[in-house]
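Asker: So that you have it, the file is target.txt, and it contains compact mmCIF, C-alpha atoms and all ligand atoms:
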```txt
# COMPACT_ATOMS: atom_id res chain seq x y z
CA MET A 1 93.84 88.27 87.44
CA SER A 2 92.10 84.97 87.00
CA ALA A 3 94.28 81.92 86.57
CA SER A 4 93.22 81.48 82.96
CA THR A 5 94.25 84.94 81.78
CA PRO A 6 97.94 85.30 81.08
CA PRO A 7 99.51 88.65 81.90
CA MET A 8 99.50 90.61 78.68
CA HIS A 9 101.22 93.81 79.64
CA GLU A 10 104.05 92.66 77.41
CA MET A 11 101.75 93.76 74.59
CA SER A 12 101.90 97.37 75.84
CA LEU A 13 105.61 97.05 76.47
CA CYS A 14 106.04 95.92 72.86
CA GLU A 15 104.00 98.90 71.75
CA GLY A 16 106.32 101.16 73.74
CA LEU A 17 109.29 99.48 72.10
CA VAL A 18 107.93 99.83 68.56
CA GLN A 19 106.92 103.46 69.16
CA SER A 20 110.46 104.20 70.29
CA LEU A 21 111.77 102.54 67.13
CA GLU A 22 109.47 104.63 64.94
CA GLU A 23 110.65 107.81 66.66
CA GLN A 24 114.24 106.76 66.07
CA ALA A 25 113.51 106.10 62.40
CA MET A 26 112.03 109.56 62.04
CA THR A 27 114.77 111.47 63.83
CA GLN A 28 117.65 109.49 62.35
CA GLY A 29 116.32 108.99 58.87
CA PHE A 30 116.31 105.26 58.33
CA HIS A 31 113.41 103.37 56.83
CA LYS A 32 113.96 99.75 57.68
CA ILE A 33 114.97 97.94 60.82
CA PHE A 34 116.54 94.51 60.59
CA ALA A 35 117.32 93.74 64.20
CA VAL A 36 116.83 95.20 67.66
CA TRP A 37 118.91 94.44 70.76
CA LEU A 38 116.88 94.91 73.89
CA GLU A 39 118.40 94.67 77.34
CA ILE A 40 116.05 93.08 79.90
CA GLY A 41 117.03 92.84 83.53
CA ALA A 42 116.21 89.73 85.54
CA LEU A 43 114.26 91.92 87.99
CA ALA A 44 112.24 93.82 85.35
CA THR A 45 108.50 93.21 85.38
CA VAL A 46 108.52 91.53 82.01
CA GLU A 47 108.65 88.03 80.66
CA PRO A 48 111.17 87.89 77.78
CA ASP A 49 109.30 85.05 76.04
CA ALA A 50 106.08 87.05 76.05
CA MET A 51 107.98 90.00 74.54
CA LEU A 52 109.27 87.79 71.74
CA PHE A 53 105.80 86.37 71.22
CA ASN A 54 104.15 89.80 70.89
CA TYR A 55 106.91 91.61 69.04
CA ASP A 56 106.22 90.29 65.54
CA ILE A 57 102.55 91.14 65.81
CA VAL A 58 103.10 94.66 67.14
CA ALA A 59 105.89 95.38 64.62
CA ARG A 60 103.67 94.51 61.66
CA GLY A 61 103.00 97.50 59.40
CA THR A 62 105.78 99.56 61.03
CA VAL A 63 109.40 100.32 60.23
CA ALA A 64 110.29 97.31 62.38
CA GLU A 65 108.17 94.77 60.48
CA GLY A 66 110.00 91.50 60.03
CA SER A 67 112.93 92.53 62.22
CA LYS A 68 114.56 90.23 64.70
CA LEU A 69 114.33 90.97 68.40
CA GLU A 70 117.43 89.94 70.33
CA ILE A 71 117.13 89.96 74.08
CA ILE A 72 120.23 90.64 76.16
CA ALA A 73 119.62 89.19 79.62
CA VAL A 74 121.10 91.27 82.44
CA PRO A 75 121.47 89.60 85.84
CA GLY A 76 119.95 91.13 88.96
CA LYS A 77 122.51 92.81 91.20
CA ALA A 78 121.99 93.93 94.78
CA TRP A 79 124.06 95.25 97.65
CA CYS A 80 123.96 92.99 100.69
CA MET A 81 123.95 95.25 103.72
CA ASN A 82 125.09 92.40 105.90
CA CYS A 83 128.09 91.33 103.78
CA SER A 84 128.75 94.87 102.47
CA THR A 85 129.29 93.41 99.05
CA PRO A 86 127.43 93.27 95.72
CA VAL A 87 125.68 89.96 95.02
CA THR A 88 123.74 88.44 92.12
CA ILE A 89 120.05 87.55 92.55
CA SER A 90 117.59 86.18 90.02
CA ARG A 91 114.33 87.61 91.40
CA HIS A 92 112.88 89.94 94.02
CA GLY A 93 112.75 88.04 97.29
CA ASP A 94 115.96 86.07 96.75
CA ALA A 95 118.24 85.98 99.76
CA CYS A 96 121.89 86.95 99.66
CA PRO A 97 123.60 83.84 98.26
CA ALA A 98 126.46 84.30 100.72
CA CYS A 99 124.79 84.99 104.07
CA GLY A 100 121.06 84.36 103.53
CA SER A 101 120.02 87.90 104.49
CA TYR A 102 117.08 89.62 102.79
CA GLN A 103 118.44 93.09 103.56
CA LEU A 104 119.37 93.80 99.97
CA GLN A 105 119.44 97.03 98.05
CA LEU A 106 118.99 96.76 94.30
CA LEU A 107 121.84 97.94 92.12
CA ASP A 108 120.99 96.66 88.65
CA GLY A 109 118.62 94.39 86.74
CA GLU A 110 115.33 96.28 86.45
CA GLN A 111 115.98 97.75 82.99
CA MET A 112 114.08 97.33 79.72
CA ARG A 113 116.30 99.28 77.38
CA ILE A 114 116.99 99.37 73.67
CA LYS A 115 120.75 99.17 73.18
CA GLN A 116 121.32 98.86 69.46
CA ILE A 117 119.42 98.58 66.21
CA GLU A 118 120.52 97.38 62.80
CA VAL A 119 119.00 99.63 60.17
CA ALA A 120 119.09 100.65 56.54
CA MET B 1 92.43 119.20 75.73
CA CYS B 2 94.13 117.33 78.48
CA SER B 3 95.22 119.64 81.25
CA ILE B 4 98.26 117.60 82.14
CA CYS B 5 99.83 116.46 78.92
CA GLY B 6 98.25 118.91 76.51
CA CYS B 7 97.04 116.34 74.02
CA GLY B 8 93.64 116.15 72.34
CA GLU B 9 91.54 113.66 74.27
CA HIS B 10 91.53 111.01 71.56
CA GLU B 11 94.93 111.17 70.00
CA THR B 12 96.35 109.22 72.95
CA LEU B 13 99.99 108.37 72.66
CA GLU B 14 101.00 109.95 69.39
CA HIS B 15 101.99 113.46 70.44
CA ASP B 16 104.89 114.63 72.48
CA HIS B 17 108.36 115.62 73.13
CA HIS B 18 111.26 113.44 72.11
CA ASP B 19 113.53 111.63 74.41
CA ASP B 20 116.93 112.94 75.16
CA HIS B 21 119.09 110.12 74.05
CA HIS B 22 122.56 110.24 72.73
CA HIS B 23 123.51 108.12 69.81
CA HIS B 24 126.39 107.61 67.47
CA ASP B 25 126.64 105.56 64.35
CA HIS B 26 128.86 102.61 64.67
CA GLY B 27 130.66 103.67 61.54
CA ALA B 28 130.96 100.05 60.55
CA LEU B 29 128.86 99.85 57.44
CA HIS B 30 128.77 96.29 56.39
CA ALA B 31 127.18 94.53 53.50
CA HIS B 32 126.12 90.99 54.27
CA ALA B 33 125.83 89.52 50.82
CA ALA B 34 125.82 91.11 47.42
CA ASP B 35 122.04 91.31 47.13
CA LEU B 36 121.33 92.36 50.72
CA PRO B 37 120.96 96.02 51.60
CA VAL B 38 123.80 97.81 53.33
CA THR B 39 122.90 98.08 56.98
CA ARG B 40 124.41 100.00 59.83
CA MET B 41 124.29 99.69 63.57
CA VAL B 42 122.83 102.49 65.63
CA GLN B 43 123.66 102.56 69.32
CA ILE B 44 120.95 103.99 71.52
CA GLU B 45 120.02 103.96 75.17
CA GLN B 46 116.29 104.12 75.43
CA ASN B 47 114.04 102.79 78.14
CA ILE B 48 110.94 101.34 76.49
CA MET B 49 108.92 102.63 79.46
CA ALA B 50 110.11 106.18 78.75
CA LYS B 51 106.75 107.29 77.41
CA ASN B 52 104.76 106.07 80.42
CA GLN B 53 107.41 107.59 82.65
CA ARG B 54 107.00 111.03 81.05
CA TYR B 55 103.25 110.93 81.71
CA ALA B 56 103.81 109.64 85.24
CA ASP B 57 106.24 112.48 85.92
CA ALA B 58 103.69 114.99 84.60
CA ASN B 59 101.01 113.48 86.84
CA ARG B 60 103.33 113.60 89.83
CA GLN B 61 104.00 117.30 89.16
CA PHE B 62 100.24 117.94 88.83
CA PHE B 63 99.56 116.14 92.13
CA ALA B 64 102.37 118.00 93.90
CA GLU B 65 101.01 121.38 92.77
CA ARG B 66 97.67 120.46 94.35
CA LYS B 67 99.24 118.83 97.41
CA LEU B 68 97.42 115.61 96.72
CA PHE B 69 98.43 112.36 98.41
CA VAL B 70 97.91 109.76 95.68
CA ILE B 71 97.52 106.04 96.32
CA ASN B 72 97.63 103.33 93.65
CA LEU B 73 95.68 100.35 95.04
CA VAL B 74 96.61 97.01 93.54
CA SER B 75 95.48 93.43 94.24
CA SER B 76 93.99 90.39 92.61
CA PRO B 77 90.25 90.69 91.82
CA GLY B 78 88.06 90.31 94.88
CA SER B 79 90.58 91.20 97.60
CA GLY B 80 88.31 94.00 98.72
CA LYS B 81 89.81 97.17 97.19
CA THR B 82 86.45 98.75 96.40
CA SER B 83 84.90 97.70 99.72
CA LEU B 84 87.84 99.25 101.54
CA LEU B 85 87.61 102.43 99.47
CA VAL B 86 83.89 102.81 100.14
CA LYS B 87 84.53 102.59 103.90
CA THR B 88 87.56 104.86 103.68
CA VAL B 89 86.01 107.68 101.70
CA GLU B 90 82.96 107.62 103.95
CA ALA B 91 85.19 107.98 106.99
CA LEU B 92 87.48 110.68 105.57
CA LYS B 93 85.23 112.79 103.36
CA ALA B 94 84.22 115.15 106.18
CA GLU B 95 87.86 115.61 107.14
CA MET B 96 89.56 116.26 103.79
CA PRO B 97 88.84 116.35 100.06
CA VAL B 98 88.84 112.88 98.50
CA ALA B 99 88.33 111.54 94.98
CA VAL B 100 88.63 108.13 93.34
CA ILE B 101 89.70 106.84 89.95
CA GLU B 102 88.45 103.32 89.28
CA GLY B 103 90.11 100.98 86.81
CA ASP B 104 88.46 97.84 85.49
CA GLN B 105 88.46 96.10 82.14
CA GLN B 106 84.68 96.59 81.87
CA THR B 107 81.72 98.23 83.64
CA GLY B 108 81.28 101.36 85.72
CA LEU B 109 80.10 99.40 88.76
CA ASP B 110 82.93 100.31 91.11
CA ALA B 111 82.72 104.05 90.34
CA GLU B 112 78.97 103.80 91.05
CA ARG B 113 79.71 102.24 94.45
CA ILE B 114 81.98 105.17 95.30
CA LYS B 115 79.57 107.81 93.95
CA ALA B 116 76.84 106.38 96.16
CA THR B 117 78.83 107.76 99.11
CA GLY B 118 78.71 111.26 97.59
CA VAL B 119 82.41 111.24 96.69
CA ALA B 120 83.56 112.07 93.15
CA ALA B 121 84.70 109.08 91.11
CA TRP B 122 85.71 108.44 87.53
CA GLN B 123 85.79 105.01 85.91
CA ILE B 124 88.46 104.05 83.39
CA ASN B 125 87.68 100.94 81.35
CA THR B 126 90.84 99.40 79.98
CA GLY B 127 89.06 96.94 77.67
CA LYS B 128 91.61 94.21 77.03
CA GLY B 129 94.24 96.16 78.97
CA CYS B 130 95.44 94.52 82.15
CA HIS B 131 96.67 97.65 83.92
CA LEU B 132 96.18 101.41 84.14
CA ASP B 133 98.81 103.58 82.52
CA ALA B 134 99.89 107.08 83.41
CA HIS B 135 98.36 108.65 80.32
CA ALA B 136 94.86 107.33 81.10
CA VAL B 137 95.17 108.56 84.68
CA GLY B 138 96.18 112.03 83.51
CA HIS B 139 93.04 112.21 81.38
CA ALA B 140 90.84 110.94 84.19
CA MET B 141 91.81 114.05 86.16
CA ASP B 142 89.87 116.12 83.60
CA HIS B 143 86.70 114.40 84.73
CA LEU B 144 87.11 114.91 88.45
CA PRO B 145 86.44 118.13 90.32
CA GLU B 146 89.64 119.93 91.25
CA ILE B 147 90.66 118.99 94.80
CA LYS B 148 93.61 120.12 96.90
CA ASN B 149 95.22 119.05 100.18
CA GLY B 150 93.52 115.67 100.17
CA VAL B 151 93.72 112.10 98.91
CA LEU B 152 93.24 110.70 95.44
CA PHE B 153 92.76 106.93 95.35
CA ILE B 154 93.41 105.03 92.14
CA GLU B 155 91.99 101.50 92.16
CA ASN B 156 93.97 99.59 89.58
CA VAL B 157 92.75 96.68 87.47
CA GLY B 158 92.56 93.52 89.61
CA ASN B 159 95.77 91.76 88.71
CA LEU B 160 98.86 91.01 90.79
CA VAL B 161 101.20 91.05 87.81
CA CYS B 162 100.87 93.77 85.21
CA PRO B 163 100.23 96.96 87.23
CA ALA B 164 103.54 96.47 89.07
CA GLY B 165 105.59 97.95 86.25
CA PHE B 166 103.47 101.01 85.50
CA ASP B 167 104.13 104.17 87.46
CA LEU B 168 101.00 106.36 87.50
CA GLY B 169 102.61 109.24 89.38
CA GLU B 170 101.36 107.98 92.76
CA ALA B 171 103.06 108.52 96.09
CA HIS B 172 102.70 104.84 96.97
CA LYS B 173 101.47 101.59 95.58
CA VAL B 174 99.41 99.84 98.23
CA VAL B 175 98.86 96.12 97.73
CA VAL B 176 95.76 94.49 99.21
CA LEU B 177 95.95 90.78 99.98
CA SER B 178 92.94 89.08 101.53
CA THR B 179 93.09 86.24 104.01
CA THR B 180 91.34 83.87 101.59
CA GLU B 181 94.13 84.11 99.04
CA GLY B 182 96.95 82.38 100.91
CA GLU B 183 99.93 83.87 102.67
CA ASP B 184 102.40 82.78 99.99
CA LYS B 185 101.34 85.44 97.47
CA PRO B 186 104.24 87.82 98.22
CA LEU B 187 106.62 85.06 97.13
CA LYS B 188 104.53 84.08 94.11
CA TYR B 189 104.09 87.67 92.87
CA PRO B 190 107.29 89.28 94.14
CA ASP B 191 107.35 92.14 91.63
CA MET B 192 104.11 93.57 92.99
CA PHE B 193 105.06 93.25 96.64
CA HIS B 194 108.43 94.74 95.81
CA ALA B 195 106.75 97.73 94.15
CA ALA B 196 104.32 98.34 97.04
CA ASP B 197 105.22 100.37 100.13
CA LEU B 198 102.24 99.20 102.18
CA MET B 199 100.61 95.77 102.32
CA ILE B 200 97.04 95.59 103.60
CA LEU B 201 95.91 92.18 104.81
CA ASN B 202 92.14 92.46 104.35
CA LYS B 203 89.27 90.24 105.53
CA SER B 204 90.73 89.78 109.01
CA ASP B 205 87.18 88.82 110.08
CA LEU B 206 87.72 85.54 108.20
CA LEU B 207 90.98 84.63 109.97
CA PRO B 208 89.25 82.14 112.32
CA TYR B 209 87.96 80.19 109.31
CA VAL B 210 90.94 80.11 106.96
CA ASP B 211 94.51 78.82 107.14
CA PHE B 212 96.22 82.14 106.78
CA SER B 213 99.19 83.17 108.86
CA VAL B 214 99.55 86.94 109.14
CA ALA B 215 103.07 86.48 110.50
CA LYS B 216 104.12 84.39 107.49
CA ALA B 217 102.57 86.80 105.00
CA GLU B 218 104.54 89.61 106.65
CA THR B 219 107.78 87.63 106.66
CA TYR B 220 107.40 86.81 102.96
CA ALA B 221 106.54 90.40 102.07
CA LYS B 222 109.63 91.63 103.93
CA GLN B 223 111.75 89.15 102.01
CA VAL B 224 110.78 90.72 98.71
CA HIS B 225 110.70 94.26 100.13
CA PRO B 226 112.52 94.79 103.42
CA GLY B 227 111.02 98.27 103.82
CA ILE B 228 107.34 97.30 103.37
CA THR B 229 104.81 98.28 106.04
CA SER B 230 101.90 95.97 106.85
CA LEU B 231 98.40 96.56 108.26
CA THR B 232 95.80 93.92 109.04
CA LEU B 233 92.16 95.00 108.82
CA SER B 234 88.64 94.12 107.79
CA ALA B 235 86.73 96.31 105.39
CA ARG B 236 83.62 94.46 106.56
CA SER B 237 83.86 94.59 110.37
CA GLY B 238 85.90 97.79 110.52
CA GLU B 239 88.64 96.18 112.62
CA GLY B 240 92.01 97.86 112.03
CA LEU B 241 90.64 100.64 109.82
CA GLU B 242 91.73 103.41 112.18
CA ALA B 243 95.43 102.53 111.64
CA TRP B 244 94.89 102.74 107.87
CA TYR B 245 93.22 106.12 108.20
CA ASP B 246 96.12 107.31 110.33
CA TRP B 247 98.56 106.12 107.68
CA LEU B 248 96.61 108.17 105.11
CA ARG B 249 96.39 111.22 107.38
CA ALA B 250 100.16 111.13 107.89
CA GLY B 251 100.65 110.99 104.11
CA VAL B 252 98.35 113.95 103.53
CA ALA B 253 100.16 115.90 106.25
CA ARG B 254 103.50 115.13 104.55
CA VAL B 255 102.47 116.32 101.09
CA SER B 256 100.72 119.46 102.32
CA ALA B 257 103.59 120.45 104.63
N1 LIG C 1 84.40 88.78 104.85
C1 LIG C 1 84.85 89.85 104.21
N2 LIG C 1 84.52 90.07 102.92
C2 LIG C 1 84.99 91.17 102.31
C3 LIG C 1 85.83 92.10 102.97
N3 LIG C 1 86.16 93.08 102.09
C4 LIG C 1 85.55 92.78 100.93
N4 LIG C 1 84.83 91.63 101.04
C5 LIG C 1 84.03 90.96 100.01
O1 LIG C 1 84.89 90.55 98.97
C6 LIG C 1 84.25 90.64 97.70
C7 LIG C 1 85.08 91.46 96.74
O2 LIG C 1 85.17 92.79 97.21
P1 LIG C 1 85.51 94.02 96.29
O3 LIG C 1 85.59 95.21 97.18
O4 LIG C 1 84.59 94.11 95.13
O5 LIG C 1 86.97 93.61 95.77
P2 LIG C 1 87.90 94.24 94.61
O6 LIG C 1 87.71 93.40 93.40
O7 LIG C 1 89.29 94.12 95.15
O8 LIG C 1 87.48 95.66 94.42
C8 LIG C 1 82.87 91.25 97.99
O9 LIG C 1 81.94 90.20 98.06
C9 LIG C 1 83.05 91.90 99.34
O10 LIG C 1 81.86 91.98 100.07
C10 LIG C 1 86.18 91.84 104.35
O11 LIG C 1 86.91 92.58 105.02
N5 LIG C 1 85.67 90.70 104.90
MG MG C 2 86.97 96.75 92.64
ZN ZN C 3 125.07 88.80 102.49
```
Would you mind writing the file out in structure tokens?
Ligand SMILES: Nc1nc2c(ncn2[C@@H]2O[C@H](COP(=O)(O)OP(=O)(O)O)[C@@H](O)[C@H]2O)c(=O)[nH]1
Ligand SMILES: [Mg+2]
Ligand SMILES: [Zn+2]

Answerer:
Amino acid sequence: MSASTPPMHEMSLCEGLVQSLEEQAMTQGFHKIFAVWLEIGALATVEPDAMLFNYDIVARGTVAEGSKLEIIAVPGKAWCMNCSTPVTISRHGDACPACGSYQLQLLDGEQMRIKQIEVA
Amino acid sequence: MCSICGCGEHETLEHDHHDDHHHHDHGALHAHAADLPVTRMVQIEQNIMAKNQRYADANRQFFAERKLFVINLVSSPGSGKTSLLVKTVEALKAEMPVAVIEGDQQTGLDAERIKATGVAAWQINTGKGCHLDAHAVGHAMDHLPEIKNGVLFIENVGNLVCPAGFDLGEAHKVVVLSTTEGEDKPLKYPDMFHAADLMILNKSDLLPYVDFSVAKAETYAKQVHPGITSLTLSARSGEGLEAWYDWLRAGVARVSA
């Protein structure tokens, strides 16, 4: 990627999100979405701001048009093999905040998951 | 008709099975104000990558049935993915079946470079897309001759960010970092180095001329992914290629066992 091109895979992630919403609308029989709560882990390969930026555009002309996207930030959690304890990290490559070890096994924080939608 | 997902070639993402998700209405119907519609909350648990994941799983099944060792090569543009592939397929083609899927935003140039070696290649152009997805890879298989007990290489779009999150059904992501790019890239693009199982430090022939510390690059890569393996080589001079071929041979032996 050249320095001048921003990563735009959030556009496809938004498309995945809106497609999921349309499937939900079909199977559950609602016709308008007012708000969507999306859980995004700190270690997920997605930039929440870019999701917000693309969402309105991708939602246009769909059941989700005009709806509000609420992002629920989930912290990154890993198991420190040195401390034998779960610790919180904010990105891949962070050391254990207690002992400085990089021998960490991820437990949580990679999700991009719809949790709740407000519909009519 | 796509042999993997069963869709018509051009209807892309619109067809398929529904996700198994459980849901229950909140029950709490609440009107906001008199003139606003009555809304309700619906609880769901749905991964927004679920669709790509279904295609990736189908690809993985397809590859397993054919005992194919599948590599997803990722890097920034110019790290030497295509140069390395040209050398690699030339070296391995007499030994085992090989095929290549090339991904770029535009042009069929890289697929042409592979085809010049006599190895089958198919080019995917992603247009504005910054990564390959599992659905496009499934369709690309329709355009390649059927191979078994060998290696399929997928060269992803040159980009150290976006391809990290998209499973294509590969056995491993392999990240190529060249010695002209700086050893700090694993720390700057941790998601990609976390997703990759092997890091190739390419252009070792340039090490005498650039400030690049192999040891530091390896330390940084291990910080973001303690289990990552690293190989240093030059697609130009051929130095270190034998270790890479051995890594591939071991992978092929594993999947065909
Ligand atoms: N010196 C040197 N140059 C290389 C090496 N590998 C690739 N290159 C050069 O790097 C440039 C980009 O290579 P290419 O294979 O197209 O990279 P890709 O964009 O990752 O597919 C070309 O000019 C290659 O000749 C290497 O090992 N050493
Ligand atoms: Mg290339
Ligand atoms: Zn620790």

Asker: So that I can see what lies close to Ser12 in chain A, please list as a PyMOL selection string the residues with an atom at most 10 Å from it, counting all atoms listed in the file and leaving out residues fewer than 4 positions away in the same chain.

Answerer: (chain A and resi 8+16-18+51+54+58) or (chain B and resi 48-49+129-131+133)

Asker: Output C-alpha atoms of each residue in that selection to a file, as a compact mmCIF listing (two decimals), in the coordinates of the input.

Answerer:
```txt
# COMPACT_ATOMS: atom_id res chain seq x y z
CA MET A 8 99.50 90.61 78.68
CA GLY A 16 106.32 101.16 73.74
CA LEU A 17 109.29 99.48 72.10
CA VAL A 18 107.93 99.83 68.56
CA MET A 51 107.98 90.00 74.54
CA ASN A 54 104.15 89.80 70.89
CA VAL A 58 103.10 94.66 67.14
CA ILE B 48 110.94 101.34 76.49
CA MET B 49 108.92 102.63 79.46
CA GLY B 129 94.24 96.16 78.97
CA CYS B 130 95.44 94.52 82.15
CA HIS B 131 96.67 97.65 83.92
CA ASP B 133 98.81 103.58 82.52
```

Asker: Give me, as a PDB file with C-alpha atoms, in the coordinates of the input, the residues of chain B touching chain A, with the criterion being at most 9 Å (counting only C-alpha atoms).

Answerer:
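Saved to iface.pdb:
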```pdb
ATOM      1  CA  GLU B  14     101.000 109.950  69.390  1.00  0.00           C
ATOM      2  CA  HIS B  18     111.260 113.440  72.110  1.00  0.00           C
ATOM      3  CA  PRO B  37     120.960  96.020  51.600  1.00  0.00           C
ATOM      4  CA  VAL B  38     123.800  97.810  53.330  1.00  0.00           C
ATOM      5  CA  THR B  39     122.900  98.080  56.980  1.00  0.00           C
ATOM      6  CA  ARG B  40     124.410 100.000  59.830  1.00  0.00           C
ATOM      7  CA  MET B  41     124.290  99.690  63.570  1.00  0.00           C
ATOM      8  CA  VAL B  42     122.830 102.490  65.630  1.00  0.00           C
ATOM      9  CA  GLN B  43     123.660 102.560  69.320  1.00  0.00           C
ATOM     10  CA  ILE B  44     120.950 103.990  71.520  1.00  0.00           C
ATOM     11  CA  GLU B  45     120.020 103.960  75.170  1.00  0.00           C
ATOM     12  CA  GLN B  46     116.290 104.120  75.430  1.00  0.00           C
ATOM     13  CA  ASN B  47     114.040 102.790  78.140  1.00  0.00           C
ATOM     14  CA  ILE B  48     110.940 101.340  76.490  1.00  0.00           C
ATOM     15  CA  MET B  49     108.920 102.630  79.460  1.00  0.00           C
ATOM     16  CA  ALA B  50     110.110 106.180  78.750  1.00  0.00           C
ATOM     17  CA  LYS B  51     106.750 107.290  77.410  1.00  0.00           C
ATOM     18  CA  ASN B  52     104.760 106.070  80.420  1.00  0.00           C
ATOM     19  CA  SER B  75      95.480  93.430  94.240  1.00  0.00           C
ATOM     20  CA  SER B  76      93.990  90.390  92.610  1.00  0.00           C
ATOM     21  CA  PRO B  77      90.250  90.690  91.820  1.00  0.00           C
ATOM     22  CA  LYS B 128      91.610  94.210  77.030  1.00  0.00           C
ATOM     23  CA  GLY B 129      94.240  96.160  78.970  1.00  0.00           C
ATOM     24  CA  CYS B 130      95.440  94.520  82.150  1.00  0.00           C
ATOM     25  CA  HIS B 131      96.670  97.650  83.920  1.00  0.00           C
ATOM     26  CA  VAL B 157      92.750  96.680  87.470  1.00  0.00           C
ATOM     27  CA  GLY B 158      92.560  93.520  89.610  1.00  0.00           C
ATOM     28  CA  ASN B 159      95.770  91.760  88.710  1.00  0.00           C
ATOM     29  CA  LEU B 160      98.860  91.010  90.790  1.00  0.00           C
ATOM     30  CA  VAL B 161     101.200  91.050  87.810  1.00  0.00           C
ATOM     31  CA  CYS B 162     100.870  93.770  85.210  1.00  0.00           C
ATOM     32  CA  PRO B 163     100.230  96.960  87.230  1.00  0.00           C
ATOM     33  CA  ALA B 164     103.540  96.470  89.070  1.00  0.00           C
ATOM     34  CA  GLY B 165     105.590  97.950  86.250  1.00  0.00           C
ATOM     35  CA  PRO B 186     104.240  87.820  98.220  1.00  0.00           C
ATOM     36  CA  LEU B 187     106.620  85.060  97.130  1.00  0.00           C
ATOM     37  CA  PRO B 190     107.290  89.280  94.140  1.00  0.00           C
ATOM     38  CA  ASP B 191     107.350  92.140  91.630  1.00  0.00           C
ATOM     39  CA  MET B 192     104.110  93.570  92.990  1.00  0.00           C
ATOM     40  CA  PHE B 193     105.060  93.250  96.640  1.00  0.00           C
ATOM     41  CA  HIS B 194     108.430  94.740  95.810  1.00  0.00           C
ATOM     42  CA  TYR B 220     107.400  86.810 102.960  1.00  0.00           C
ATOM     43  CA  ALA B 221     106.540  90.400 102.070  1.00  0.00           C
ATOM     44  CA  LYS B 222     109.630  91.630 103.930  1.00  0.00           C
ATOM     45  CA  GLN B 223     111.750  89.150 102.010  1.00  0.00           C
ATOM     46  CA  VAL B 224     110.780  90.720  98.710  1.00  0.00           C
ATOM     47  CA  HIS B 225     110.700  94.260 100.130  1.00  0.00           C
ATOM     48  CA  PRO B 226     112.520  94.790 103.420  1.00  0.00           C
TER      49      PRO B 226
END
```

Asker: List all protein, DNA and RNA residues that have at least one atom no more than 10 Å from any atom of ligand LIG 1 (chain C), counting only C-alpha atoms and all ligand atoms, and write them as a ChimeraX atom specification.

Answerer: /A:1 /B:73-87,102-104,109-110,113,155-159,176-180,201-207,232-239

Asker: Can you measure CA of His31 in chain A to CA of Arg54 in chain B for me? One decimal in Å is fine.

Answerer: 26.2 Å

Asker: Can you measure CA of Gln123 in chain B to CA of Glu181 in chain B for me? One decimal in Å is fine.

Answerer: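 Answer for the CA of Gln123 in chain B to CA of Glu181 in chain B separation: 26.1 Å.
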
Asker: Counting only C-alpha atoms and all ligand atoms, which protein, DNA or RNA residues come within 12 Å of ligand ZN 3 (chain C), given as a short mmCIF file (atom, residue, chain, number, x, y, z; two decimals) with C-alpha atoms, keeping the file's coordinate frame?

Answerer:
```
data_model
loop_
_atom_site.label_atom_id
_atom_site.label_comp_id
_atom_site.auth_asym_id
_atom_site.auth_seq_id
_atom_site.Cartn_x
_atom_site.Cartn_y
_atom_site.Cartn_z
CA ALA A 78 121.99 93.93 94.78
CA TRP A 79 124.06 95.25 97.65
CA CYS A 80 123.96 92.99 100.69
CA MET A 81 123.95 95.25 103.72
CA ASN A 82 125.09 92.40 105.90
CA CYS A 83 128.09 91.33 103.78
CA SER A 84 128.75 94.87 102.47
CA THR A 85 129.29 93.41 99.05
CA PRO A 86 127.43 93.27 95.72
CA VAL A 87 125.68 89.96 95.02
CA THR A 88 123.74 88.44 92.12
CA ILE A 89 120.05 87.55 92.55
CA ASP A 94 115.96 86.07 96.75
CA ALA A 95 118.24 85.98 99.76
CA CYS A 96 121.89 86.95 99.66
CA PRO A 97 123.60 83.84 98.26
CA ALA A 98 126.46 84.30 100.72
CA CYS A 99 124.79 84.99 104.07
CA GLY A 100 121.06 84.36 103.53
CA SER A 101 120.02 87.90 104.49
CA TYR A 102 117.08 89.62 102.79
CA GLN A 103 118.44 93.09 103.56
CA LEU A 104 119.37 93.80 99.97
CA GLN A 105 119.44 97.03 98.05
#
```

Asker: As an exercise, work out the distance from CA of Leu144 in chain B to CA of Met96 in chain B in Å and give it to one decimal place.

Answerer: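 Those two atoms sit 15.6 Å apart.
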
Asker: Would you please work out which residue, of A:Ser90, A:Phe53, A:Gly29, A:Lys77, is nearest to Leu107 in chain A when using all atoms listed in the file?

Answerer: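 Checking each of A:Ser90, A:Phe53, A:Gly29, A:Lys77 against Leu107 in chain A, counting all atoms listed in the file, the winner is A:Lys77.
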
Asker: Given the choices B:Val70, B:Ile154, B:Val98, B:Ala58, which gets closest to ligand MG 2 (chain C) if the distance is worked out from only C-alpha atoms and all ligand atoms?

Answerer: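 Using only C-alpha atoms and all ligand atoms, the shortest distance to ligand MG 2 (chain C) belongs to B:Ile154.
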
Asker: Out of B:Ile71, B:Val100, B:Ala64, B:Ala134, which residue has the shortest atom-to-atom distance to ligand MG 2 (chain C) when counting all atoms listed in the file?

Answerer: B:Val100
